[in-house]
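Scroll down for the structure; my scribbles are underneath it.
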Amino acid sequence: MGAGIAYVFGLAKFEVDVVDPAEATRESCLRLVQHVADRAVKRGVLGSADSNLLTQRVSTHSSLGAISPKPLLLVEAVPEDFDLKTVALLGAETLHPTMLASNTSSISISSLAAKLTRPESFIGMHFFNPAWSNPLVEIVVGEKTSTQTAASAQQLVNIIGKDAITVEDSPGFATSRLGIALGLEAIRMVSDGVASVADIDRAMELGYRHPMGPLRLTDLVGLDVRLGIARNLAQALGSRFEPPQLLIDMVANGDLGKKSGKGFFDW
C-alpha cells in the first residue's frame, strides 16, 4: 500500500518520501513504483519523460529523521495493529506535518487520535489496493478531526485524481464493514463445500457485476490483513465478524494470497 500511495502522489507531481526500516522493503517499493510506471508507458497512458520524473520524485529512507520537517501530508501505512500504528503515528507527529493520516481499513481514527498531541490534524485516508488503479479513497473523520483537515483531505484526493467518500468514524467504516462481511461469508462457503473457489467468485462477478470475486479480492488484499480486520470488527461489532477457522489456518500456514504466491488461488 505504501508503494501504491507513493505512486499516486508522485504521479500528481508531489515529492514523496517513503520510510521503512527494512532495506528489502524499500527496494521492493522502488521496484514496484518503477514497474507500474513502465506498464503505464506501455499502455500509452504515461509518457517516458513523465515516467522518469515520477520515479525521481519518490525517495526511500530508513528512518523518519531523514525527512525534512513539516511535510504537507504524512500517511501511515503499517499493518492493521493498533499498537504498531500508534507507535508509527507518534513518531510521525514529531515531524509536525500539516496533516497526518492513517491508511487503516478498520481501526478507529478517534482511538488512534487519543494518543496524539494534535488530533485535530489527524484523519483517515483509506486507499484501496492497487492504489494506482483503484479510484476510491475513503476519508474517515474522527471525533476531533477539524473541518479544515477534512476539507484539505478532500482537496488532496481531488488533486491526485481519486474519488472520495466521507464517513464518520465507526468500526470498519463503510467499505471494510461491507467488504469483509461478503469475504468472510465466501470463506465459510468454501469451508462448507457449497461451491468451488472459482465458482463462488464467478457468482459475484457475473450475477452481481462485481469486477472481482470476494476470494480473489481477499488474496489481493492479503489474508493476514483480512484476518486482522475481522478480529477488530468482531471485537467491536460482535460474533458475526468472527473469522472462519479456514482463514485462521491459512494465515498460520503462510498462505497470505498474492504476496506469498498462494491463497485461495495460486499466483
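In the C-alpha cells, each chain is lettered A, B, ... as it comes, each chain's residues begin at 1, and ligands are numbered from 1 in order of appearance.
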Hey, what's within 7 Å of Ala3 (chain A) if we count only C-alpha atoms and toss same-chain stuff fewer than 4 positions away? As a ChimeraX atom specification, please?
-> /A:7,29,32-33
Save out the residues we just selected, N, CA and C atoms, as an mmCIF file, in the first residue's frame.
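Writing done, so here's out18.cif:
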```cif
data_model
loop_
_atom_site.group_PDB
_atom_site.id
_atom_site.type_symbol
_atom_site.label_atom_id
_atom_site.label_comp_id
_atom_site.auth_asym_id
_atom_site.auth_seq_id
_atom_site.Cartn_x
_atom_site.Cartn_y
_atom_site.Cartn_z
ATOM 1 N N TYR A 7 3.134 6.127 -5.410
ATOM 2 C CA TYR A 7 2.982 6.256 -6.861
ATOM 3 C C TYR A 7 1.956 7.325 -7.223
ATOM 4 N N CYS A 29 9.684 -1.402 -2.783
ATOM 5 C CA CYS A 29 8.835 -0.240 -3.058
ATOM 6 C C CYS A 29 9.262 0.446 -4.350
ATOM 7 N N LEU A 32 8.477 -1.623 -7.411
ATOM 8 C CA LEU A 32 7.057 -1.634 -7.744
ATOM 9 C C LEU A 32 6.636 -0.318 -8.396
ATOM 10 N N VAL A 33 7.110 0.807 -7.871
ATOM 11 C CA VAL A 33 6.799 2.103 -8.480
ATOM 12 C C VAL A 33 7.298 2.135 -9.923
#
```
Which neighbours of Met204 (chain A) fall inside 10 Å, counting only C-alpha atoms, when residues of the same chain fewer than 5 positions from it are skipped, and could you give them as a VMD selection string?
-> chain A and resid 182 199 209 to 214
The selected residues should be written to file as a PDB file, in the first residue's frame (atoms: C-alpha atoms).
```
ATOM      1  CA  LEU A 182     -19.003 -10.655   1.961  1.00  0.00           C
ATOM      2  CA  ASP A 199     -17.473 -20.638  -8.897  1.00  0.00           C
ATOM      3  CA  ARG A 209     -21.339  -7.472 -11.750  1.00  0.00           C
ATOM      4  CA  HIS A 210     -18.546  -7.257  -9.186  1.00  0.00           C
ATOM      5  CA  PRO A 211     -15.273  -6.623 -11.052  1.00  0.00           C
ATOM      6  CA  MET A 212     -13.557  -9.219  -8.852  1.00  0.00           C
ATOM      7  CA  GLY A 213     -14.877 -12.042  -6.702  1.00  0.00           C
ATOM      8  CA  PRO A 214     -14.579 -11.872  -2.896  1.00  0.00           C
TER       9      PRO A 214
END
```
Excluding same-chain residues fewer than 6 positions from region 240-252 of chain A, what lies within 6 Å of it counting only C-alpha atoms, as a list in words?
-> Asp224, Ala230, Leu233 and Ala234 of chain A
Return as a ChimeraX atom specification the full set of residues in region 51-198 of chain A whose backbone-based DSSP assignment is helix (DSSP H, G or I).
-> /A:51-57,64-66,82-93,109-113,119-121,147-159,175-192,197-198
DSSP on the backbone: which residues in region 21-171 of chain A end up as strand (DSSP E)? Give the answer as a PDB file with C-alpha atoms, in the first residue's frame.
```pdb
ATOM      1  CA  VAL A  58       9.903   9.004  -4.953  1.00  0.00           C
ATOM      2  CA  SER A  59      12.717   8.562  -2.424  1.00  0.00           C
ATOM      3  CA  THR A  60      13.083   5.976   0.325  1.00  0.00           C
ATOM      4  CA  HIS A  61      14.604   6.300   3.801  1.00  0.00           C
ATOM      5  CA  LEU A  73       0.870  15.206   4.433  1.00  0.00           C
ATOM      6  CA  LEU A  74       2.210  12.150   6.202  1.00  0.00           C
ATOM      7  CA  VAL A  75       0.344   8.870   5.641  1.00  0.00           C
ATOM      8  CA  GLU A  76       0.863   5.918   7.974  1.00  0.00           C
ATOM      9  CA  MET A  99      -1.936  16.808   8.076  1.00  0.00           C
ATOM     10  CA  LEU A 100      -1.382  13.314   9.493  1.00  0.00           C
ATOM     11  CA  ALA A 101      -3.388  10.427   8.068  1.00  0.00           C
ATOM     12  CA  SER A 102      -3.771   6.713   8.636  1.00  0.00           C
ATOM     13  CA  PHE A 122      -5.405  13.674  12.101  1.00  0.00           C
ATOM     14  CA  ILE A 123      -7.721  11.878   9.675  1.00  0.00           C
ATOM     15  CA  GLY A 124      -8.293   8.539   7.998  1.00  0.00           C
ATOM     16  CA  MET A 125      -7.350   8.274   4.310  1.00  0.00           C
ATOM     17  CA  HIS A 126      -8.138   4.698   3.324  1.00  0.00           C
ATOM     18  CA  PHE A 127      -6.677   3.918  -0.095  1.00  0.00           C
ATOM     19  CA  LEU A 136     -11.616   5.288  -4.308  1.00  0.00           C
ATOM     20  CA  VAL A 137     -10.256   6.930  -1.174  1.00  0.00           C
ATOM     21  CA  GLU A 138     -12.375   6.625   1.968  1.00  0.00           C
ATOM     22  CA  ILE A 139     -11.949   9.707   4.152  1.00  0.00           C
ATOM     23  CA  VAL A 140     -12.685   8.927   7.794  1.00  0.00           C
ATOM     24  CA  VAL A 141     -13.450  11.822  10.125  1.00  0.00           C
ATOM     25  CA  ASP A 163     -12.819   9.936  -5.858  1.00  0.00           C
ATOM     26  CA  ALA A 164     -13.613  10.305  -2.171  1.00  0.00           C
ATOM     27  CA  ILE A 165     -16.387   9.223   0.117  1.00  0.00           C
ATOM     28  CA  THR A 166     -16.503  10.733   3.605  1.00  0.00           C
ATOM     29  CA  VAL A 167     -17.642   8.670   6.577  1.00  0.00           C
ATOM     30  CA  GLU A 168     -17.820   9.226  10.305  1.00  0.00           C
TER      31      GLU A 168
END
```
Surrounding residues of Ser121 (chain A) excluding itself and chain neighbours under 5 positions, 12 Å, only C-alpha atoms, as a list in words =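 In the requested form, the answer reads Leu72, Leu73, Leu74, Glu93, His96, Pro97, Thr98, Met99, Leu100, Ala101, Ser102, Ile109, Ser110, Ala113, Leu116, Val141, Gly142, Glu143, Lys144, Thr145, Ser146, Thr147, Gln148, Thr149, Ala150, Ala151, Ser152 and Ala153 of chain A.
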Separation of CA of Pro21 (chain A) from CA of Ser62 (chain A), in Å and rounded to one decimal |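 Separation between CA of Pro21 (chain A) and CA of Ser62 (chain A): 4.5 Å.
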Have a look at CA of Gly179 (chain A) and CA of Phe128 (chain A) and let me know their distance in Å, one decimal.
-> 11.8 Å
So how far away is CA of Asn158 (chain A) from CA of Ile5 (chain A), in Å?
-> 14.1 Å
Nearest to Leu178 (chain A), chosen from A:Arg26, A:Asn134, A:Ser106, A:Leu215, with only C-alpha atoms counted in the distances =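 Of A:Arg26, A:Asn134, A:Ser106, A:Leu215, the one nearest Leu178 (chain A) is A:Ser106, counting only C-alpha atoms.
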Which residue out of A:Val221, A:Ile200, A:Ile159, A:Ile180 has the minimum interatomic distance to Phe14 (chain A) when only C-alpha atoms are used?
->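 Nearest candidate to Phe14 (chain A) out of A:Val221, A:Ile200, A:Ile159, A:Ile180: A:Ile159.
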With distances taken over only C-alpha atoms, which of A:Asn52, A:Thr104, A:Thr218, A:Ser196 is nearest to Leu89 (chain A)?
->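 That would be A:Thr104, the residue with the smallest distance to Leu89 (chain A).
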